[in-house]
$ cat start.csv   # CSV, N, CA and C atoms
chain,number,residue,atom,x,y,z
A,1,MET,N,-25.7,-76.5,-71.9
A,1,MET,CA,-25.7,-76.8,-70.4
A,1,MET,C,-24.3,-77.4,-70.1
A,2,LEU,N,-23.4,-76.6,-69.6
A,2,LEU,CA,-22.1,-77.1,-69.2
A,2,LEU,C,-22.2,-78.1,-68.2
A,3,LEU,N,-23.0,-77.9,-67.1
A,3,LEU,CA,-23.1,-78.9,-66.1
A,3,LEU,C,-23.6,-80.2,-66.6
A,4,ALA,N,-24.6,-80.2,-67.4
A,4,ALA,CA,-25.1,-81.5,-68.0
A,4,ALA,C,-24.1,-82.1,-68.9
A,5,GLY,N,-23.3,-81.4,-69.6
A,5,GLY,CA,-22.2,-81.9,-70.4
A,5,GLY,C,-21.2,-82.6,-69.6
A,6,ARG,N,-20.8,-82.0,-68.5
A,6,ARG,CA,-19.8,-82.7,-67.6
A,6,ARG,C,-20.4,-83.9,-66.9
A,7,LEU,N,-21.6,-83.7,-66.4
A,7,LEU,CA,-22.2,-84.9,-65.7
A,7,LEU,C,-22.5,-86.0,-66.6
A,8,GLY,N,-22.8,-85.7,-67.9
A,8,GLY,CA,-23.2,-86.7,-68.9
A,8,GLY,C,-22.0,-87.6,-69.2
A,9,GLN,N,-20.8,-87.2,-68.8
A,9,GLN,CA,-19.6,-88.1,-69.0
A,9,GLN,C,-19.5,-89.1,-67.8
A,10,CYS,N,-20.3,-89.0,-66.8
A,10,CYS,CA,-20.3,-89.9,-65.7
A,10,CYS,C,-21.2,-91.1,-65.9
A,11,ARG,N,-21.0,-92.1,-65.1
A,11,ARG,CA,-21.9,-93.2,-65.1
A,11,ARG,C,-23.2,-92.7,-64.5
A,12,PRO,N,-24.3,-93.3,-64.8
A,12,PRO,CA,-25.6,-92.9,-64.3
A,12,PRO,C,-25.7,-92.8,-62.7
A,13,CYS,N,-26.3,-91.9,-62.2
A,13,CYS,CA,-26.5,-91.7,-60.8
A,13,CYS,C,-28.0,-91.5,-60.5
A,14,VAL,N,-28.4,-91.8,-59.3
A,14,VAL,CA,-29.7,-91.4,-58.8
A,14,VAL,C,-29.6,-90.0,-58.3
A,15,VAL,N,-30.5,-89.1,-58.8
A,15,VAL,CA,-30.4,-87.7,-58.5
A,15,VAL,C,-31.3,-87.4,-57.3
A,16,VAL,N,-30.7,-86.8,-56.2
A,16,VAL,CA,-31.4,-86.5,-55.0
A,16,VAL,C,-31.3,-85.0,-54.6
A,17,PRO,N,-32.4,-84.3,-54.7
A,17,PRO,CA,-32.4,-82.9,-54.3
A,17,PRO,C,-32.3,-82.7,-52.8
A,18,VAL,N,-31.7,-81.7,-52.3
A,18,VAL,CA,-31.7,-81.4,-50.9
A,18,VAL,C,-33.1,-80.9,-50.5
A,19,PRO,N,-33.7,-81.6,-49.5
A,19,PRO,CA,-35.1,-81.2,-49.2
A,19,PRO,C,-35.2,-79.9,-48.4
A,20,LEU,N,-36.2,-79.2,-48.6
A,20,LEU,CA,-36.6,-78.1,-47.8
A,20,LEU,C,-37.4,-78.5,-46.6
A,21,SER,N,-37.5,-77.7,-45.6
A,21,SER,CA,-38.5,-78.0,-44.5
A,21,SER,C,-39.9,-77.8,-45.1
A,22,ARG,N,-40.9,-78.5,-44.5
A,22,ARG,CA,-42.3,-78.4,-45.0
A,22,ARG,C,-42.7,-76.9,-45.0
A,23,ARG,N,-42.4,-76.2,-43.9
A,23,ARG,CA,-42.8,-74.8,-43.8
A,23,ARG,C,-42.2,-73.9,-44.9
A,24,ARG,N,-40.9,-74.1,-45.2
A,24,ARG,CA,-40.2,-73.3,-46.2
A,24,ARG,C,-40.8,-73.6,-47.6
A,25,GLU,N,-41.0,-74.9,-47.8
A,25,GLU,CA,-41.5,-75.3,-49.2
A,25,GLU,C,-42.9,-74.8,-49.4
A,26,SER,N,-43.7,-74.8,-48.3
A,26,SER,CA,-45.1,-74.3,-48.4
A,26,SER,C,-45.1,-72.8,-48.6
A,27,TYR,N,-44.2,-72.1,-48.0
A,27,TYR,CA,-44.1,-70.7,-48.2
A,27,TYR,C,-43.7,-70.3,-49.6
A,28,ARG,N,-42.7,-71.0,-50.1
A,28,ARG,CA,-42.2,-70.7,-51.5
A,28,ARG,C,-43.1,-71.3,-52.6
A,29,GLY,N,-43.7,-72.4,-52.2
A,29,GLY,CA,-44.5,-73.1,-53.2
A,29,GLY,C,-43.7,-74.1,-54.1
A,30,PHE,N,-42.5,-74.2,-53.8
A,30,PHE,CA,-41.6,-75.2,-54.6
A,30,PHE,C,-40.3,-75.3,-53.9
A,31,ASN,N,-39.6,-76.4,-54.2
A,31,ASN,CA,-38.2,-76.6,-53.7
A,31,ASN,C,-37.3,-76.3,-54.9
A,32,GLN,N,-36.5,-75.3,-54.9
A,32,GLN,CA,-35.6,-74.9,-56.0
A,32,GLN,C,-34.6,-76.0,-56.3
A,33,ALA,N,-34.1,-76.7,-55.3
A,33,ALA,CA,-33.1,-77.8,-55.5
A,33,ALA,C,-33.8,-78.9,-56.3
A,34,GLN,N,-35.1,-79.2,-56.0
A,34,GLN,CA,-35.8,-80.2,-56.7
A,34,GLN,C,-36.1,-79.9,-58.1
A,35,VAL,N,-36.3,-78.6,-58.4
A,35,VAL,CA,-36.5,-78.1,-59.8
A,35,VAL,C,-35.2,-78.3,-60.6
A,36,ILE,N,-34.1,-77.9,-60.0
A,36,ILE,CA,-32.8,-78.1,-60.6
A,36,ILE,C,-32.5,-79.6,-60.8
A,37,ALA,N,-32.7,-80.4,-59.8
A,37,ALA,CA,-32.4,-81.8,-59.9
A,37,ALA,C,-33.3,-82.5,-61.0
A,38,GLY,N,-34.5,-82.1,-61.1
A,38,GLY,CA,-35.4,-82.6,-62.1
A,38,GLY,C,-34.9,-82.3,-63.5
A,39,ALA,N,-34.4,-81.1,-63.7
A,39,ALA,CA,-33.9,-80.7,-65.0
A,39,ALA,C,-32.6,-81.6,-65.3
A,40,ILE,N,-31.8,-81.7,-64.3
A,40,ILE,CA,-30.5,-82.5,-64.5
A,40,ILE,C,-30.9,-84.0,-64.9
A,41,ALA,N,-31.8,-84.5,-64.1
A,41,ALA,CA,-32.2,-85.9,-64.3
A,41,ALA,C,-32.9,-86.1,-65.7
A,42,GLN,N,-33.7,-85.1,-66.1
A,42,GLN,CA,-34.4,-85.2,-67.4
A,42,GLN,C,-33.4,-85.1,-68.6
A,43,VAL,N,-32.5,-84.2,-68.5
A,43,VAL,CA,-31.5,-84.0,-69.6
A,43,VAL,C,-30.6,-85.2,-69.7
A,44,LEU,N,-30.2,-85.8,-68.6
A,44,LEU,CA,-29.3,-87.0,-68.6
A,44,LEU,C,-29.9,-88.3,-68.7
A,45,GLY,N,-31.3,-88.3,-68.5
A,45,GLY,CA,-32.0,-89.6,-68.5
A,45,GLY,C,-31.8,-90.4,-67.3
A,46,TRP,N,-31.4,-89.8,-66.2
A,46,TRP,CA,-31.2,-90.4,-64.9
A,46,TRP,C,-32.5,-90.3,-64.1
A,47,SER,N,-32.6,-91.2,-63.1
A,47,SER,CA,-33.8,-91.1,-62.2
A,47,SER,C,-33.6,-90.1,-61.1
A,48,MET,N,-34.7,-89.5,-60.6
A,48,MET,CA,-34.7,-88.6,-59.5
A,48,MET,C,-35.5,-89.2,-58.4
A,49,ARG,N,-35.0,-89.2,-57.2
A,49,ARG,CA,-35.7,-89.7,-56.0
A,49,ARG,C,-35.8,-88.6,-55.0
A,50,ILE,N,-37.1,-88.2,-54.7
A,50,ILE,CA,-37.3,-87.2,-53.6
A,50,ILE,C,-37.7,-87.8,-52.3
A,51,ASP,N,-37.6,-89.2,-52.3
A,51,ASP,CA,-38.1,-89.9,-51.1
A,51,ASP,C,-36.9,-90.5,-50.3
A,52,LEU,N,-35.7,-90.2,-50.6
A,52,LEU,CA,-34.6,-90.9,-49.9
A,52,LEU,C,-34.1,-90.1,-48.7
A,53,ILE,N,-34.2,-88.8,-48.8
A,53,ILE,CA,-33.8,-87.9,-47.7
A,53,ILE,C,-34.9,-87.0,-47.2
A,54,GLU,N,-35.1,-86.9,-45.9
A,54,GLU,CA,-36.1,-86.0,-45.4
A,54,GLU,C,-35.5,-85.0,-44.5
A,55,ARG,N,-35.9,-83.8,-44.5
A,55,ARG,CA,-35.5,-82.8,-43.5
A,55,ARG,C,-36.4,-82.9,-42.3
A,56,VAL,N,-35.8,-83.3,-41.2
A,56,VAL,CA,-36.6,-83.6,-40.0
A,56,VAL,C,-36.6,-82.4,-39.0
A,57,ARG,N,-35.8,-81.4,-39.3
A,57,ARG,CA,-35.7,-80.3,-38.4
A,57,ARG,C,-35.7,-79.0,-39.3
A,58,ASP,N,-36.6,-78.1,-39.0
A,58,ASP,CA,-36.6,-76.8,-39.7
A,58,ASP,C,-35.4,-76.0,-39.2
A,59,THR,N,-34.6,-75.6,-40.1
A,59,THR,CA,-33.4,-74.8,-39.7
A,59,THR,C,-33.5,-73.4,-40.2
A,60,PRO,N,-32.9,-72.5,-39.4
A,60,PRO,CA,-32.9,-71.1,-40.0
A,60,PRO,C,-32.1,-71.1,-41.3
A,61,ALA,N,-32.3,-70.2,-42.1
A,61,ALA,CA,-31.6,-70.1,-43.4
A,61,ALA,C,-30.1,-70.0,-43.2
A,62,GLN,N,-29.4,-70.7,-44.0
A,62,GLN,CA,-27.9,-70.8,-43.9
A,62,GLN,C,-27.3,-69.4,-44.1
A,63,ALA,N,-28.0,-68.6,-44.9
A,63,ALA,CA,-27.5,-67.2,-45.2
A,63,ALA,C,-27.4,-66.4,-43.9
A,64,GLN,N,-28.2,-66.7,-42.9
A,64,GLN,CA,-28.1,-66.0,-41.6
A,64,GLN,C,-27.0,-66.4,-40.7
A,65,ARG,N,-26.2,-67.4,-41.1
A,65,ARG,CA,-25.0,-67.9,-40.4
A,65,ARG,C,-23.8,-67.4,-41.1
A,66,SER,N,-22.8,-66.9,-40.3
A,66,SER,CA,-21.7,-66.2,-40.9
A,66,SER,C,-20.4,-67.1,-41.0
A,67,THR,N,-20.3,-68.1,-40.1
A,67,THR,CA,-19.1,-68.9,-40.2
A,67,THR,C,-19.4,-70.3,-40.6
A,68,PRO,N,-18.4,-71.0,-41.2
A,68,PRO,CA,-18.6,-72.4,-41.5
A,68,PRO,C,-19.0,-73.3,-40.3
A,69,GLU,N,-18.5,-72.9,-39.1
A,69,GLU,CA,-18.9,-73.7,-37.9
A,69,GLU,C,-20.3,-73.5,-37.6
A,70,GLU,N,-20.8,-72.3,-37.7
A,70,GLU,CA,-22.3,-72.0,-37.4
A,70,GLU,C,-23.1,-72.7,-38.4
A,71,ARG,N,-22.7,-72.7,-39.6
A,71,ARG,CA,-23.5,-73.4,-40.7
A,71,ARG,C,-23.5,-74.9,-40.5
A,72,GLY,N,-22.4,-75.5,-40.1
A,72,GLY,CA,-22.4,-76.9,-39.8
A,72,GLY,C,-23.3,-77.3,-38.6
A,73,VAL,N,-23.2,-76.5,-37.5
A,73,VAL,CA,-24.1,-76.8,-36.4
A,73,VAL,C,-25.6,-76.6,-36.8
A,74,ASN,N,-25.9,-75.6,-37.6
A,74,ASN,CA,-27.2,-75.3,-38.0
A,74,ASN,C,-27.9,-76.5,-38.7
A,75,VAL,N,-27.2,-77.3,-39.5
A,75,VAL,CA,-27.8,-78.4,-40.3
A,75,VAL,C,-27.4,-79.7,-39.7
A,76,ALA,N,-26.7,-79.8,-38.6
A,76,ALA,CA,-26.4,-81.1,-38.0
A,76,ALA,C,-27.6,-81.7,-37.5
A,77,GLY,N,-27.9,-82.9,-37.9
A,77,GLY,CA,-29.1,-83.7,-37.4
A,77,GLY,C,-30.4,-83.2,-38.1
A,78,ALA,N,-30.3,-82.4,-39.2
A,78,ALA,CA,-31.5,-81.9,-39.8
A,78,ALA,C,-32.0,-82.8,-40.9
A,79,PHE,N,-31.3,-83.9,-41.2
A,79,PHE,CA,-31.7,-84.8,-42.3
A,79,PHE,C,-31.7,-86.2,-41.8
A,80,LYS,N,-32.6,-87.0,-42.4
A,80,LYS,CA,-32.6,-88.5,-42.1
A,80,LYS,C,-32.9,-89.2,-43.4
A,81,CYS,N,-32.4,-90.4,-43.5
A,81,CYS,CA,-32.7,-91.3,-44.6
A,81,CYS,C,-34.1,-91.9,-44.4
A,82,THR,N,-34.9,-91.8,-45.4
A,82,THR,CA,-36.2,-92.4,-45.3
A,82,THR,C,-36.4,-93.8,-45.9
A,83,LEU,N,-35.3,-94.2,-46.5
A,83,LEU,CA,-35.3,-95.5,-47.2
A,83,LEU,C,-35.4,-96.7,-46.3
A,84,SER,N,-36.5,-97.5,-46.4
A,84,SER,CA,-36.6,-98.6,-45.5
A,84,SER,C,-35.7,-99.7,-45.9
A,85,GLY,N,-35.6,-100.0,-47.2
A,85,GLY,CA,-34.6,-101.0,-47.6
A,85,GLY,C,-33.4,-100.4,-48.1
A,86,LYS,N,-32.2,-101.0,-47.9
A,86,LYS,CA,-31.0,-100.3,-48.2
A,86,LYS,C,-30.5,-100.6,-49.7
A,87,GLY,N,-31.3,-101.3,-50.5
A,87,GLY,CA,-31.0,-101.6,-51.8
A,87,GLY,C,-30.6,-100.4,-52.7
A,88,MET,N,-31.3,-99.3,-52.5
A,88,MET,CA,-31.1,-98.1,-53.3
A,88,MET,C,-29.7,-97.5,-53.0
A,89,MET,N,-29.3,-97.7,-51.8
A,89,MET,CA,-28.0,-97.1,-51.4
A,89,MET,C,-26.8,-97.7,-52.1
A,90,SER,N,-26.9,-98.8,-52.8
A,90,SER,CA,-25.8,-99.4,-53.5
A,90,SER,C,-25.5,-98.6,-54.8
A,91,GLU,N,-26.4,-97.7,-55.1
A,91,GLU,CA,-26.2,-97.0,-56.4
A,91,GLU,C,-25.4,-95.7,-56.1
A,92,ARG,N,-25.0,-95.1,-57.2
A,92,ARG,CA,-24.3,-93.8,-57.2
A,92,ARG,C,-25.4,-92.7,-57.0
A,93,ILE,N,-25.1,-91.8,-56.1
A,93,ILE,CA,-26.0,-90.7,-55.8
A,93,ILE,C,-25.4,-89.4,-56.1
A,94,LEU,N,-26.2,-88.5,-56.8
A,94,LEU,CA,-25.8,-87.2,-57.0
A,94,LEU,C,-26.8,-86.3,-56.2
A,95,ILE,N,-26.2,-85.6,-55.2
A,95,ILE,CA,-27.0,-84.6,-54.4
A,95,ILE,C,-27.0,-83.3,-55.1
A,96,VAL,N,-28.2,-82.7,-55.2
A,96,VAL,CA,-28.3,-81.4,-55.9
A,96,VAL,C,-28.8,-80.3,-55.0
A,97,ASP,N,-28.2,-79.2,-54.9
A,97,ASP,CA,-28.6,-78.1,-54.2
A,97,ASP,C,-28.5,-76.8,-55.0
A,98,ASP,N,-29.1,-75.7,-54.6
A,98,ASP,CA,-29.0,-74.5,-55.4
A,98,ASP,C,-27.7,-73.7,-55.2
A,99,VAL,N,-27.3,-73.6,-53.9
A,99,VAL,CA,-26.1,-72.7,-53.6
A,99,VAL,C,-25.1,-73.5,-52.8
A,100,TRP,N,-23.8,-73.3,-53.0
A,100,TRP,CA,-22.8,-73.9,-52.2
A,100,TRP,C,-22.0,-72.6,-51.6
A,101,THR,N,-22.0,-72.6,-50.3
A,101,THR,CA,-21.2,-71.6,-49.6
A,101,THR,C,-20.1,-72.2,-48.9
A,102,THR,N,-20.4,-73.0,-47.9
A,102,THR,CA,-19.3,-73.7,-47.1
A,102,THR,C,-19.4,-75.2,-47.4
A,103,GLY,N,-20.5,-75.7,-47.9
A,103,GLY,CA,-20.7,-77.1,-48.1
A,103,GLY,C,-21.3,-77.8,-47.0
A,104,SER,N,-21.7,-77.1,-46.0
A,104,SER,CA,-22.3,-77.7,-44.8
A,104,SER,C,-23.6,-78.5,-45.1
A,105,THR,N,-24.5,-77.9,-45.9
A,105,THR,CA,-25.7,-78.6,-46.2
A,105,THR,C,-25.4,-79.9,-47.0
A,106,MET,N,-24.6,-79.7,-48.0
A,106,MET,CA,-24.3,-80.9,-48.9
A,106,MET,C,-23.6,-82.0,-48.0
A,107,ASN,N,-22.7,-81.6,-47.2
A,107,ASN,CA,-22.0,-82.5,-46.3
A,107,ASN,C,-22.9,-83.2,-45.3
A,108,ALA,N,-23.9,-82.5,-44.8
A,108,ALA,CA,-24.9,-83.1,-43.9
A,108,ALA,C,-25.7,-84.2,-44.6
A,109,VAL,N,-26.2,-83.9,-45.8
A,109,VAL,CA,-27.0,-84.8,-46.6
A,109,VAL,C,-26.1,-86.0,-46.9
A,110,ALA,N,-24.9,-85.8,-47.4
A,110,ALA,CA,-24.0,-86.9,-47.8
A,110,ALA,C,-23.6,-87.8,-46.6
A,111,GLN,N,-23.5,-87.2,-45.4
A,111,GLN,CA,-23.2,-88.0,-44.3
A,111,GLN,C,-24.3,-89.0,-44.0
A,112,VAL,N,-25.6,-88.5,-44.1
A,112,VAL,CA,-26.7,-89.4,-43.8
A,112,VAL,C,-26.8,-90.5,-44.9
A,113,LEU,N,-26.5,-90.2,-46.1
A,113,LEU,CA,-26.5,-91.2,-47.2
A,113,LEU,C,-25.4,-92.2,-47.0
A,114,ARG,N,-24.2,-91.7,-46.6
A,114,ARG,CA,-23.1,-92.6,-46.4
A,114,ARG,C,-23.4,-93.5,-45.2
A,115,ILE,N,-23.9,-93.0,-44.1
A,115,ILE,CA,-24.2,-93.9,-42.9
A,115,ILE,C,-25.2,-95.0,-43.3
A,116,ASN,N,-26.1,-94.7,-44.3
A,116,ASN,CA,-27.1,-95.6,-44.7
A,116,ASN,C,-26.7,-96.5,-45.9
A,117,GLY,N,-25.4,-96.5,-46.2
A,117,GLY,CA,-24.9,-97.4,-47.2
A,117,GLY,C,-24.6,-96.9,-48.6
A,118,ALA,N,-24.7,-95.6,-48.8
A,118,ALA,CA,-24.4,-95.1,-50.2
A,118,ALA,C,-22.9,-95.4,-50.5
A,119,LYS,N,-22.7,-95.9,-51.7
A,119,LYS,CA,-21.3,-96.3,-52.1
A,119,LYS,C,-20.5,-95.1,-52.7
A,120,GLU,N,-21.2,-94.4,-53.5
A,120,GLU,CA,-20.5,-93.2,-54.2
A,120,GLU,C,-21.5,-92.0,-54.1
A,121,ILE,N,-21.0,-90.9,-53.7
A,121,ILE,CA,-21.8,-89.7,-53.5
A,121,ILE,C,-21.1,-88.6,-54.2
A,122,PHE,N,-21.9,-87.8,-55.0
A,122,PHE,CA,-21.4,-86.7,-55.7
A,122,PHE,C,-22.3,-85.5,-55.4
A,123,GLY,N,-21.9,-84.3,-55.7
A,123,GLY,CA,-22.7,-83.1,-55.4
A,123,GLY,C,-22.6,-82.2,-56.6
A,124,ALA,N,-23.8,-81.5,-56.9
A,124,ALA,CA,-23.8,-80.5,-57.9
A,124,ALA,C,-24.6,-79.3,-57.4
A,125,VAL,N,-24.2,-78.1,-57.7
A,125,VAL,CA,-24.9,-76.9,-57.3
A,125,VAL,C,-24.9,-76.0,-58.5
A,126,ILE,N,-25.8,-75.0,-58.5
A,126,ILE,CA,-25.9,-74.1,-59.6
A,126,ILE,C,-25.1,-72.8,-59.3
A,127,ALA,N,-25.0,-72.4,-58.0
A,127,ALA,CA,-24.3,-71.2,-57.7
A,127,ALA,C,-23.4,-71.3,-56.5
A,128,LYS,N,-22.4,-70.5,-56.4
A,128,LYS,CA,-21.5,-70.5,-55.2
A,128,LYS,C,-21.7,-69.1,-54.5
A,129,GLY,N,-22.0,-69.3,-53.2
A,129,GLY,CA,-22.3,-68.1,-52.4
A,129,GLY,C,-21.1,-67.5,-51.7
$ encode --input "start.csv" --output "structure tokens"
Amino acid sequence: MLLAGRLGQCRPCVVVPVPLSRRRESYRGFNQAQVIAGAIAQVLGWSMRIDLIERVRDTPAQAQRSTPEERGVNVAGAFKCTLSGKGMMSERILIVDDVWTTGSTMNAVAQVLRINGAKEIFGAVIAKG
């Protein structure tokens, strides 16, 4: 696992998968980012938190958007931090998603984490679109 080898050289992070909308996760039966994040957390011995970020707006699939601007608008305001206490935000956070195309989704999640006090934010994906 090249990714695990490179991440293993980092100080521990809290692993946070990009959440799907309830509708999309119900249709698929799973969140692929959560599966990937769980594997990363397990291999590295890091904790995974699926309760820090919530998708509050169901968005059309990013693949249906052709420009970076359209993708950014599509996910703007789609996420919120669900953490009631900010203590968790002092830790390092690794956001995990399945595909990186323009970075709009990762940036939208990172922005919410940063606004809520995250000190260091990193991202990991499995594929580039």
$ closest_residue --input "start.csv" --among "A:Val109, A:Leu44, A:Val99, A:Val125" --to "Pro19 in chain A" --atoms "all atoms listed in the file"
A:Val109
$ closest_residue --input "start.csv" --among "A:Gly77, A:Gly123, A:Pro17, A:Gly103" --to "Val35 in chain A" --atoms "only N, CA and C atoms"
A:Pro17
$ atom_distance --input "start.csv" --atom1 "CA of Lys80 in chain A" --atom2 "CA of Arg55 in chain A"
6.5 Å
$ atom_distance --input "start.csv" --atom1 "CA of Arg57 in chain A" --atom2 "atom C of Ile40 in chain A"
27.2 Å
$ residues_around --input "start.csv" --residues "Arg92 in chain A" --least-positions-apart "4" --cutoff "8 Å" --atoms "only N, CA and C atoms" --output "number ranges by chain"
A: 11-16, 88, 118-122
$ closest_residue --input "start.csv" --among "A:Arg23, A:Ala41, A:Asn31, A:Phe79" --to "Thr105 in chain A" --atoms "only C-alpha atoms"
A:Phe79
$ atom_distance --input "start.csv" --atom1 "atom C of Met48 in chain A" --atom2 "atom C of Leu113 in chain A"
15.5 Å
$ closest_residue --input "start.csv" --among "A:Thr82, A:Gln34, A:Ser47, A:Gln111" --to "Asp98 in chain A" --atoms "only C-alpha atoms"
A:Gln34
$ closest_residue --input "start.csv" --among "A:Ile115, A:Cys81, A:Ile36, A:Ile53" --to "Asp97 in chain A" --atoms "only N, CA and C atoms"
A:Ile36
$ residues_near_point --input "start.csv" --point "(-41.6, -83.5, -44.9)" --cutoff "8 Å" --atoms "only C-alpha atoms" --output "ChimeraX atom specification"
/A:20-22,54-56
$ closest_residue --input "start.csv" --among "A:Ile93, A:Val43, A:Ile126, A:Ala37" --to "Ala110 in chain A" --atoms "only C-alpha atoms"
A:Ile93
